[in-house]
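Student: Got a file for you: protein_32.pdb, PDB, C-alpha atoms and all ligand atoms.
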```pdb
ATOM      1  CA  MET A   1       0.000   0.000   0.000
ATOM      2  CA  ALA A   2       1.301   3.442  -0.858
ATOM      3  CA  ALA A   3       2.030   5.871   1.930
ATOM      4  CA  VAL A   4      -0.695   8.382   2.585
ATOM      5  CA  PRO A   5       0.405  11.924   1.826
ATOM      6  CA  GLY A   6       0.282  14.664   4.392
ATOM      7  CA  PRO A   7       1.054  14.811   8.077
ATOM      8  CA  ARG A   8      -2.370  13.838   9.395
ATOM      9  CA  SER A   9      -2.324  10.123   8.899
ATOM     10  CA  SER A  10      -0.404   7.013   8.048
ATOM     11  CA  PRO A  11      -1.664   3.856   6.389
ATOM     12  CA  VAL A  12      -2.090   2.174   9.758
ATOM     13  CA  ASP A  13      -4.164   4.778  11.527
ATOM     14  CA  ALA A  14      -7.140   5.215   9.287
ATOM     15  CA  ARG A  15      -8.836   8.310  10.611
ATOM     16  CA  PRO A  16     -11.767   7.428  12.791
ATOM     17  CA  PRO A  17     -14.887   9.465  12.304
ATOM     18  CA  SER A  18     -16.493  10.386  15.615
ATOM     19  CA  LEU A  19     -18.898   7.697  16.776
ATOM     20  CA  ARG A  20     -20.918  10.347  18.573
ATOM     21  CA  GLY A  21     -22.494  11.145  15.242
ATOM     22  CA  ASP A  22     -24.883   9.093  13.158
ATOM     23  CA  HIS A  23     -25.150  10.818   9.816
ATOM     24  CA  HIS A  24     -27.566   8.487   8.006
ATOM     25  CA  VAL A  25     -30.750   7.386   9.810
ATOM     26  CA  HIS A  26     -33.989   6.403   8.049
ATOM     27  CA  SER A  27     -37.544   6.832   9.321
ATOM     28  CA  SER A  28     -40.874   5.386   8.272
ATOM     29  CA  PHE A  29     -41.006   7.987   5.496
ATOM     30  CA  SER A  30     -38.751   5.455   3.747
ATOM     31  CA  ASP A  31     -40.844   2.485   2.693
ATOM     32  CA  ASP A  32     -38.267   0.037   4.047
ATOM     33  CA  ALA A  33     -37.804   1.613   7.506
ATOM     34  CA  VAL A  34     -40.009   1.374  10.573
ATOM     35  CA  SER A  35     -39.291   4.010  13.228
ATOM     36  CA  THR A  36     -40.658   7.534  13.382
ATOM     37  CA  PRO A  37     -38.354  10.559  13.488
ATOM     38  CA  ALA A  38     -39.379  10.993  17.151
ATOM     39  CA  GLU A  39     -38.332   7.420  17.939
ATOM     40  CA  ASN A  40     -35.028   7.959  16.162
ATOM     41  CA  LEU A  41     -34.481  11.176  18.112
ATOM     42  CA  ALA A  42     -35.104   9.360  21.405
ATOM     43  CA  ALA A  43     -32.655   6.642  20.336
ATOM     44  CA  ALA A  44     -30.027   9.270  19.521
ATOM     45  CA  VAL A  45     -30.458  10.776  22.986
ATOM     46  CA  ALA A  46     -30.237   7.341  24.625
ATOM     47  CA  ALA A  47     -27.067   6.577  22.653
ATOM     48  CA  GLY A  48     -25.473   9.853  23.769
ATOM     49  CA  LEU A  49     -25.025  11.150  20.244
ATOM     50  CA  ASP A  50     -24.110  14.746  19.525
ATOM     51  CA  THR A  51     -25.303  14.657  15.892
ATOM     52  CA  ILE A  52     -27.971  12.788  13.959
ATOM     53  CA  ARG A  53     -28.809  13.229  10.294
ATOM     54  CA  MET A  54     -32.360  12.146   9.509
ATOM     55  CA  VAL A  55     -32.643  10.960   5.946
ATOM     56  CA  ASP A  56     -35.176   9.229   3.773
ATOM     57  CA  HIS A  57     -35.141   7.666   0.324
ATOM     58  CA  VAL A  58     -36.365   9.692  -2.608
ATOM     59  CA  ARG A  59     -36.885   9.229  -6.317
ATOM     60  CA  LEU A  60     -37.713  11.762  -8.999
ATOM     61  CA  THR A  61     -41.420  11.273  -8.246
ATOM     62  CA  THR A  62     -41.293  11.489  -4.435
ATOM     63  CA  THR A  63     -43.733  13.998  -2.911
ATOM     64  CA  TYR A  64     -43.404  13.505   0.859
ATOM     65  CA  VAL A  65     -40.264  15.597   1.460
ATOM     66  CA  PRO A  66     -42.078  18.724   2.770
ATOM     67  CA  ASP A  67     -44.031  16.543   5.238
ATOM     68  CA  PHE A  68     -40.878  14.754   6.332
ATOM     69  CA  LEU A  69     -39.057  18.045   6.898
ATOM     70  CA  SER A  70     -41.908  19.570   8.867
ATOM     71  CA  VAL A  71     -42.103  16.513  11.129
ATOM     72  CA  VAL A  72     -38.361  16.652  11.780
ATOM     73  CA  ARG A  73     -38.425  20.402  12.370
ATOM     74  CA  ALA A  74     -41.265  20.002  14.870
ATOM     75  CA  LEU A  75     -39.196  17.666  17.049
ATOM     76  CA  PRO A  76     -38.364  19.110  20.452
ATOM     77  CA  PRO A  77     -34.847  20.554  20.621
ATOM     78  CA  VAL A  78     -32.389  18.523  22.691
ATOM     79  CA  ASP A  79     -29.446  20.168  24.425
ATOM     80  CA  GLY A  80     -26.185  19.008  22.895
ATOM     81  CA  LEU A  81     -27.795  17.168  19.993
ATOM     82  CA  THR A  82     -27.655  18.616  16.484
ATOM     83  CA  VAL A  83     -30.370  17.326  14.166
ATOM     84  CA  LEU A  84     -29.526  17.497  10.468
ATOM     85  CA  THR A  85     -31.688  16.518   7.518
ATOM     86  CA  GLY A  86     -31.200  14.923   4.156
ATOM     87  CA  VAL A  87     -32.633  12.859   1.384
ATOM     88  CA  GLU A  88     -30.944   9.789  -0.064
ATOM     89  CA  ALA A  89     -30.962   9.391  -3.837
ATOM     90  CA  LYS A  90     -29.113   7.206  -6.259
ATOM     91  CA  ILE A  91     -26.790   8.470  -8.939
ATOM     92  CA  LEU A  92     -28.729   7.760 -12.118
ATOM     93  CA  ASP A  93     -26.194   7.808 -14.902
ATOM     94  CA  ALA A  94     -22.695   8.620 -16.057
ATOM     95  CA  SER A  95     -23.516  12.322 -16.316
ATOM     96  CA  GLY A  96     -24.093  12.422 -12.564
ATOM     97  CA  ALA A  97     -27.850  12.985 -12.735
ATOM     98  CA  VAL A  98     -29.512  12.262  -9.396
ATOM     99  CA  ASP A  99     -32.805  10.439  -8.766
ATOM    100  CA  ALA A 100     -34.434  13.213  -6.721
ATOM    101  CA  PRO A 101     -37.200  15.714  -7.454
ATOM    102  CA  PRO A 102     -35.733  18.891  -8.993
ATOM    103  CA  GLU A 103     -37.506  21.083  -6.434
ATOM    104  CA  VAL A 104     -35.936  19.088  -3.606
ATOM    105  CA  LEU A 105     -32.492  19.567  -5.115
ATOM    106  CA  ALA A 106     -33.167  23.256  -5.710
ATOM    107  CA  ALA A 107     -34.150  23.761  -2.057
ATOM    108  CA  LEU A 108     -31.088  22.091  -0.524
ATOM    109  CA  GLY A 109     -29.560  24.204   2.199
ATOM    110  CA  THR A 110     -32.362  26.759   2.219
ATOM    111  CA  GLY A 111     -34.627  27.373   5.195
ATOM    112  CA  HIS A 112     -37.389  25.239   3.706
ATOM    113  CA  GLY A 113     -35.264  22.502   2.144
ATOM    114  CA  ALA A 114     -33.305  19.490   3.271
ATOM    115  CA  ASP A 115     -29.723  20.134   4.262
ATOM    116  CA  ARG A 116     -27.999  17.660   1.931
ATOM    117  CA  VAL A 117     -28.619  14.918  -0.583
ATOM    118  CA  LEU A 118     -26.946  11.615   0.206
ATOM    119  CA  LEU A 119     -25.578  10.259  -3.051
ATOM    120  CA  ALA A 120     -25.895   6.499  -3.243
ATOM    121  CA  ASP A 121     -24.447   3.851  -5.541
ATOM    122  CA  HIS A 122     -27.565   1.680  -5.373
ATOM    123  CA  GLN A 123     -27.209   1.004  -9.099
ATOM    124  CA  PHE A 124     -24.336   1.484 -11.497
ATOM    125  CA  PRO A 125     -24.505   4.898 -13.224
ATOM    126  CA  GLY A 126     -24.534   3.735 -16.832
ATOM    127  CA  THR A 127     -24.343   5.724 -20.048
ATOM    128  CA  ASP A 128     -28.105   5.522 -20.581
ATOM    129  CA  GLY A 129     -29.368   5.292 -17.007
ATOM    130  CA  PRO A 130     -28.936   3.034 -14.008
ATOM    131  CA  TRP A 131     -27.556  -0.438 -14.656
ATOM    132  CA  SER A 132     -28.310  -3.181 -12.146
ATOM    133  CA  PRO A 133     -25.383  -5.015 -10.536
ATOM    134  CA  ARG A 134     -26.445  -8.143 -12.439
ATOM    135  CA  VAL A 135     -26.190  -6.321 -15.760
ATOM    136  CA  VAL A 136     -22.796  -4.836 -14.910
ATOM    137  CA  THR A 137     -21.491  -8.215 -13.754
ATOM    138  CA  GLN A 138     -22.536  -9.652 -17.110
ATOM    139  CA  LEU A 139     -20.956  -6.738 -18.995
ATOM    140  CA  ILE A 140     -17.698  -7.358 -17.131
ATOM    141  CA  GLU A 141     -17.858 -11.059 -18.014
ATOM    142  CA  ASP A 142     -18.382 -10.004 -21.623
ATOM    143  CA  GLY A 143     -15.338  -7.738 -21.645
ATOM    144  CA  PHE A 144     -16.219  -4.441 -19.923
ATOM    145  CA  ALA A 145     -12.841  -3.845 -18.266
ATOM    146  CA  PRO A 146     -13.026  -3.435 -14.469
ATOM    147  CA  PRO A 147     -10.783  -0.340 -14.515
ATOM    148  CA  ASP A 148     -13.209   1.272 -16.954
ATOM    149  CA  ALA A 149     -16.170   0.343 -14.750
ATOM    150  CA  VAL A 150     -14.473   1.801 -11.687
ATOM    151  CA  GLU A 151     -13.566   4.985 -13.531
ATOM    152  CA  MET A 152     -17.158   5.408 -14.761
ATOM    153  CA  LEU A 153     -18.501   4.949 -11.253
ATOM    154  CA  VAL A 154     -16.094   7.424  -9.694
ATOM    155  CA  THR A 155     -16.490   9.970 -12.496
ATOM    156  CA  ALA A 156     -20.286   9.842 -12.221
ATOM    157  CA  THR A 157     -19.992  10.316  -8.468
ATOM    158  CA  ILE A 158     -17.746  13.356  -8.898
ATOM    159  CA  ARG A 159     -20.181  14.829 -11.417
ATOM    160  CA  ALA A 160     -23.123  14.216  -9.104
ATOM    161  CA  VAL A 161     -21.337  15.922  -6.205
ATOM    162  CA  ARG A 162     -20.702  18.968  -8.391
ATOM    163  CA  ARG A 163     -24.243  19.002  -9.778
ATOM    164  CA  VAL A 164     -26.041  18.970  -6.453
ATOM    165  CA  GLY A 165     -23.632  21.244  -4.581
ATOM    166  CA  ARG A 166     -24.752  20.047  -1.151
ATOM    167  CA  ALA A 167     -24.040  16.326  -1.089
ATOM    168  CA  GLN A 168     -22.907  13.697   1.348
ATOM    169  CA  LEU A 169     -21.433  10.483   0.003
ATOM    170  CA  ALA A 170     -23.483   7.568   1.343
ATOM    171  CA  HIS A 171     -21.700   4.203   1.698
ATOM    172  CA  PRO A 172     -19.122   4.888  -1.041
ATOM    173  CA  PHE A 173     -18.126   1.756  -2.979
ATOM    174  CA  SER A 174     -20.930  -0.408  -1.536
ATOM    175  CA  LEU A 175     -21.646  -1.337  -5.156
ATOM    176  CA  LEU A 176     -18.250  -2.880  -5.874
ATOM    177  CA  PRO A 177     -18.770  -6.284  -4.196
ATOM    178  CA  LYS A 178     -22.103  -6.568  -6.007
ATOM    179  CA  ILE A 179     -20.269  -6.408  -9.354
ATOM    180  CA  GLY A 180     -17.436  -8.696  -8.327
ATOM    181  CA  LEU A 181     -14.911  -5.957  -7.537
ATOM    182  CA  THR A 182     -13.354  -4.552  -4.375
ATOM    183  CA  GLU A 183     -11.910  -1.251  -3.208
ATOM    184  CA  ASP A 184      -8.521  -2.651  -4.235
ATOM    185  CA  ASP A 185      -9.713  -2.146  -7.804
ATOM    186  CA  VAL A 186      -9.942   1.622  -7.217
ATOM    187  CA  PRO A 187      -6.575   3.249  -7.968
ATOM    188  CA  ASP A 188      -5.170   5.956  -5.735
ATOM    189  CA  GLU A 189      -5.621   8.551  -8.474
ATOM    190  CA  LEU A 190      -9.385   8.032  -8.505
ATOM    191  CA  LEU A 191      -9.540   8.083  -4.715
ATOM    192  CA  ASP A 192      -7.667  11.367  -4.825
ATOM    193  CA  ALA A 193      -9.969  12.814  -7.485
ATOM    194  CA  LEU A 194     -12.969  11.993  -5.319
ATOM    195  CA  ALA A 195     -11.231  13.434  -2.270
ATOM    196  CA  ASP A 196     -10.453  16.630  -4.172
ATOM    197  CA  VAL A 197     -14.082  17.250  -5.070
ATOM    198  CA  ALA A 198     -15.261  16.352  -1.570
ATOM    199  CA  VAL A 199     -12.834  18.832  -0.024
ATOM    200  CA  ALA A 200     -13.531  21.552  -2.596
ATOM    201  CA  THR A 201     -17.291  21.316  -2.062
ATOM    202  CA  GLY A 202     -17.282  20.617   1.701
ATOM    203  CA  THR A 203     -18.968  17.274   1.088
ATOM    204  CA  PRO A 204     -18.980  14.891   4.071
ATOM    205  CA  VAL A 205     -18.182  11.273   3.298
ATOM    206  CA  GLU A 206     -19.651   8.419   5.287
ATOM    207  CA  VAL A 207     -17.926   5.474   6.838
ATOM    208  CA  ASN A 208     -21.013   3.283   6.825
ATOM    209  CA  GLU A 209     -21.652   0.624   9.460
ATOM    210  CA  LYS A 210     -24.365  -1.218   7.540
ATOM    211  CA  TRP A 211     -22.393  -1.588   4.315
ATOM    212  CA  ARG A 212     -19.014  -1.791   6.055
ATOM    213  CA  CYS A 213     -17.411   0.620   3.677
ATOM    214  CA  PRO A 214     -15.190   2.304   2.806
ATOM    215  CA  GLY A 215     -12.359   0.222   4.225
ATOM    216  CA  GLU A 216      -9.178   1.168   5.971
ATOM    217  CA  ARG A 217      -7.050   2.011   2.926
ATOM    218  CA  VAL A 218      -9.661   4.377   1.521
ATOM    219  CA  VAL A 219     -10.444   5.965   4.874
ATOM    220  CA  ALA A 220      -6.741   6.574   5.562
ATOM    221  CA  ARG A 221      -6.148   8.116   2.176
ATOM    222  CA  TRP A 222      -9.188  10.365   2.368
ATOM    223  CA  TRP A 223      -8.331  11.415   5.883
ATOM    224  CA  GLY A 224      -4.842  12.280   4.640
ATOM    225  CA  ALA A 225      -6.421  14.407   1.917
ATOM    226  CA  GLY A 226      -8.513  16.362   4.428
ATOM    227  CA  VAL A 227     -11.915  14.846   3.655
ATOM    228  CA  GLU A 228     -14.596  15.276   6.335
ATOM    229  CA  LEU A 229     -15.393  11.693   7.346
ATOM    230  CA  VAL A 230     -18.617  11.006   9.232
ATOM    231  CA  ALA A 231     -19.897   7.831  10.873
ATOM    232  CA  SER A 232     -23.255   6.427   9.858
ATOM    233  CA  THR A 233     -25.310   3.355  10.673
ATOM    234  CA  ASP A 234     -27.841   3.639   7.831
ATOM    235  CA  ALA A 235     -30.313   2.552  10.521
ATOM    236  CA  HIS A 236     -33.764   1.471   9.349
ATOM    237  CA  VAL A 237     -34.984   0.916  12.921
ATOM    238  CA  ALA A 238     -34.424   3.072  16.005
ATOM    239  CA  THR A 239     -32.604   0.329  17.929
ATOM    240  CA  ASP A 240     -29.761   0.587  15.380
ATOM    241  CA  VAL A 241     -29.277   4.355  15.749
ATOM    242  CA  GLY A 242     -25.737   5.127  16.897
ATOM    243  CA  VAL A 243     -24.844   1.443  17.309
ATOM    244  CA  TYR A 244     -21.420   0.686  15.886
ATOM    245  CA  THR A 245     -19.736  -2.692  15.982
ATOM    246  CA  TRP A 246     -17.777  -2.960  12.731
ATOM    247  CA  LEU A 247     -16.767   0.669  13.044
ATOM    248  CA  SER A 248     -16.124   0.361  16.722
ATOM    249  CA  PRO A 249     -12.894  -1.254  17.748
ATOM    250  CA  VAL A 250     -11.137  -1.007  14.394
ATOM    251  CA  ARG A 251     -11.622   2.642  13.637
ATOM    252  CA  SER A 252     -13.429   4.043  16.607
ATOM    253  CA  GLY A 253     -13.001   7.547  17.856
ATOM    254  CA  PRO A 254     -14.273   8.434  21.317
ATOM    255  CA  ALA A 255     -17.532   6.596  21.770
ATOM    256  CA  PRO A 256     -20.453   7.681  23.929
ATOM    257  CA  GLY A 257     -20.092   5.416  26.907
ATOM    258  CA  ASP A 258     -20.155   1.667  26.644
ATOM    259  CA  VAL A 259     -20.622   0.994  22.961
ATOM    260  CA  ASP A 260     -20.467  -2.799  23.155
ATOM    261  CA  GLY A 261     -22.899  -3.234  26.016
ATOM    262  CA  ARG A 262     -25.234  -0.420  25.217
ATOM    263  CA  ARG A 263     -28.080  -2.569  23.949
TER     264      ARG A 263
HETATM  265 ZN    ZN B 301     -28.263   3.546   0.504
HETATM  266 ZN    ZN B 302     -29.797   4.671   3.490
END
```
If you convert what's in this file into structure tokens, what do you get?

Tutor:
Amino acid sequence: MAAVPGPRSSPVDARPPSLRGDHHVHSSFSDDAVSTPAENLAAAVAAGLDTIRMVDHVRLTTTYVPDFLSVVRALPPVDGLTVLTGVEAKILDASGAVDAPPEVLAALGTGHGADRVLLADHQFPGTDGPWSPRVVTQLIEDGFAPPDAVEMLVTATIRAVRRVGRAQLAHPFSLLPKIGLTEDDVPDELLDALADVAVATGTPVEVNEKWRCPGERVVARWWGAGVELVASTDAHVATDVGVYTWLSPVRSGPAPGDVDGRR
């Protein structure tokens, strides 16, 4: 492994994001999650978090975002706990188009909009729209070179970050195992290109408990490049809010109390 540039890190001490934050928590506004924003807030308090980002899935046709935001904004304030908002949307294609309603994207960061859009690699951003992992796996078997696939994925991600302006990278590289690749297939130059755009745009990047990515090499390199790394559980139920096990002993920063025995 190449040495990580800069004085802030070395390859062995991948920078731990603070485990007192959970920057990706779903509520029942997502069709695959069960807890209400109020239940997630109570779980964040019980876990001793200082930050929670409440997020739900959107598509181009989603209409519930104003309701979701008003429910979150009506939650009682909690001393010492910052509540952030977001929507999670997949990157649609190689141009970096994002599967979110245009008015939601236009309102990001305004008083009436969500704070950020979480850019997700739920599908592969193909030339003509999203490609399923099965399709990409077949394309690779038929000769689509893995380095080209990786470059397309990273380039689309960079374009999406620039297009939306206020992004957060959700579970970066969670797609790779689904298409038979790993983070080892991502060259340093592409990691650095992604780091550059994240730093230039102030885009936080998740280290995601649910998807167990990105791994130590990527985290160390991005930390060395000055990327803002944030911890996330991608919880779909309140009992998972702020609960880190994979992230915990390997890369943990100061945790709120007894992480292992908390639940
Ligand atoms: Zn996701
Ligand atoms: Zn999610």

Student: May I have the protein, DNA and RNA residues with any atom at most 12 Å from the point (-17.8, -3.6, -14.9), counting all atoms listed in the file, written as a ChimeraX atom specification?

Tutor: /A:123-126,131-153,175-182,185

Student: Which residues, written as a list in words, have at least one atom at most 6 Å from segment 203-205 of chain A, with all atoms listed in the file counted and residues fewer than 5 positions away on the same chain left out?

Tutor: Ala167, Gln168, Leu169, Ala198, Glu228, Leu229 and Val230 of chain A

Student: Return as a list in words the residues of protein, DNA or RNA that approach ligand ZN 302 (chain B) to within 7 Å, with only C-alpha atoms and all ligand atoms taken into account.

Tutor: His24, Val25, His26, His57, Glu88 and Asp234 of chain A

Student: Pick out the residues no farther than 7 Å from ligand ZN 301 (chain B), counting all atoms listed in the file, and list them as a PDB file with C-alpha atoms, in the coordinates of the input.

Tutor:
```pdb
ATOM      1  CA  GLU A  88     -30.944   9.789  -0.064  1.00  0.00           C
ATOM      2  CA  ALA A 120     -25.895   6.499  -3.243  1.00  0.00           C
ATOM      3  CA  HIS A 122     -27.565   1.680  -5.373  1.00  0.00           C
ATOM      4  CA  ALA A 170     -23.483   7.568   1.343  1.00  0.00           C
ATOM      5  CA  HIS A 171     -21.700   4.203   1.698  1.00  0.00           C
TER       6      HIS A 171
END
```

Student: Evaluate the PyMOL selection byres (((chain A and resi 119) around 12) and not hetatm) and record the selected residues as a compact mmCIF listing (two decimals) with C-alpha atoms, in the frame of the given file, following the chain and residue labels used in the document.

Tutor:
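Heads up, here's the output in result-v9.txt:
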```txt
# COMPACT_ATOMS: atom_id res chain seq x y z
CA HIS A 24 -27.57 8.49 8.01
CA VAL A 55 -32.64 10.96 5.95
CA ASP A 56 -35.18 9.23 3.77
CA HIS A 57 -35.14 7.67 0.32
CA VAL A 58 -36.36 9.69 -2.61
CA ARG A 59 -36.88 9.23 -6.32
CA GLY A 86 -31.20 14.92 4.16
CA VAL A 87 -32.63 12.86 1.38
CA GLU A 88 -30.94 9.79 -0.06
CA ALA A 89 -30.96 9.39 -3.84
CA LYS A 90 -29.11 7.21 -6.26
CA ILE A 91 -26.79 8.47 -8.94
CA LEU A 92 -28.73 7.76 -12.12
CA GLY A 96 -24.09 12.42 -12.56
CA ALA A 97 -27.85 12.98 -12.74
CA VAL A 98 -29.51 12.26 -9.40
CA ASP A 99 -32.80 10.44 -8.77
CA ALA A 100 -34.43 13.21 -6.72
CA LEU A 105 -32.49 19.57 -5.12
CA ARG A 116 -28.00 17.66 1.93
CA VAL A 117 -28.62 14.92 -0.58
CA LEU A 118 -26.95 11.62 0.21
CA ALA A 120 -25.90 6.50 -3.24
CA ASP A 121 -24.45 3.85 -5.54
CA HIS A 122 -27.56 1.68 -5.37
CA GLN A 123 -27.21 1.00 -9.10
CA PRO A 125 -24.50 4.90 -13.22
CA VAL A 154 -16.09 7.42 -9.69
CA ALA A 156 -20.29 9.84 -12.22
CA THR A 157 -19.99 10.32 -8.47
CA ILE A 158 -17.75 13.36 -8.90
CA ARG A 159 -20.18 14.83 -11.42
CA ALA A 160 -23.12 14.22 -9.10
CA VAL A 161 -21.34 15.92 -6.20
CA ARG A 162 -20.70 18.97 -8.39
CA ARG A 163 -24.24 19.00 -9.78
CA VAL A 164 -26.04 18.97 -6.45
CA GLY A 165 -23.63 21.24 -4.58
CA ARG A 166 -24.75 20.05 -1.15
CA ALA A 167 -24.04 16.33 -1.09
CA GLN A 168 -22.91 13.70 1.35
CA LEU A 169 -21.43 10.48 0.00
CA ALA A 170 -23.48 7.57 1.34
CA HIS A 171 -21.70 4.20 1.70
CA PRO A 172 -19.12 4.89 -1.04
CA PHE A 173 -18.13 1.76 -2.98
CA SER A 174 -20.93 -0.41 -1.54
CA THR A 203 -18.97 17.27 1.09
CA PRO A 204 -18.98 14.89 4.07
CA VAL A 205 -18.18 11.27 3.30
CA GLU A 206 -19.65 8.42 5.29
```

Student: Quick one: of A:Val34, A:Val207, A:Ala44, A:Val72, who's nearest to Val243 of chain A, counting only C-alpha atoms?

Tutor: A:Ala44
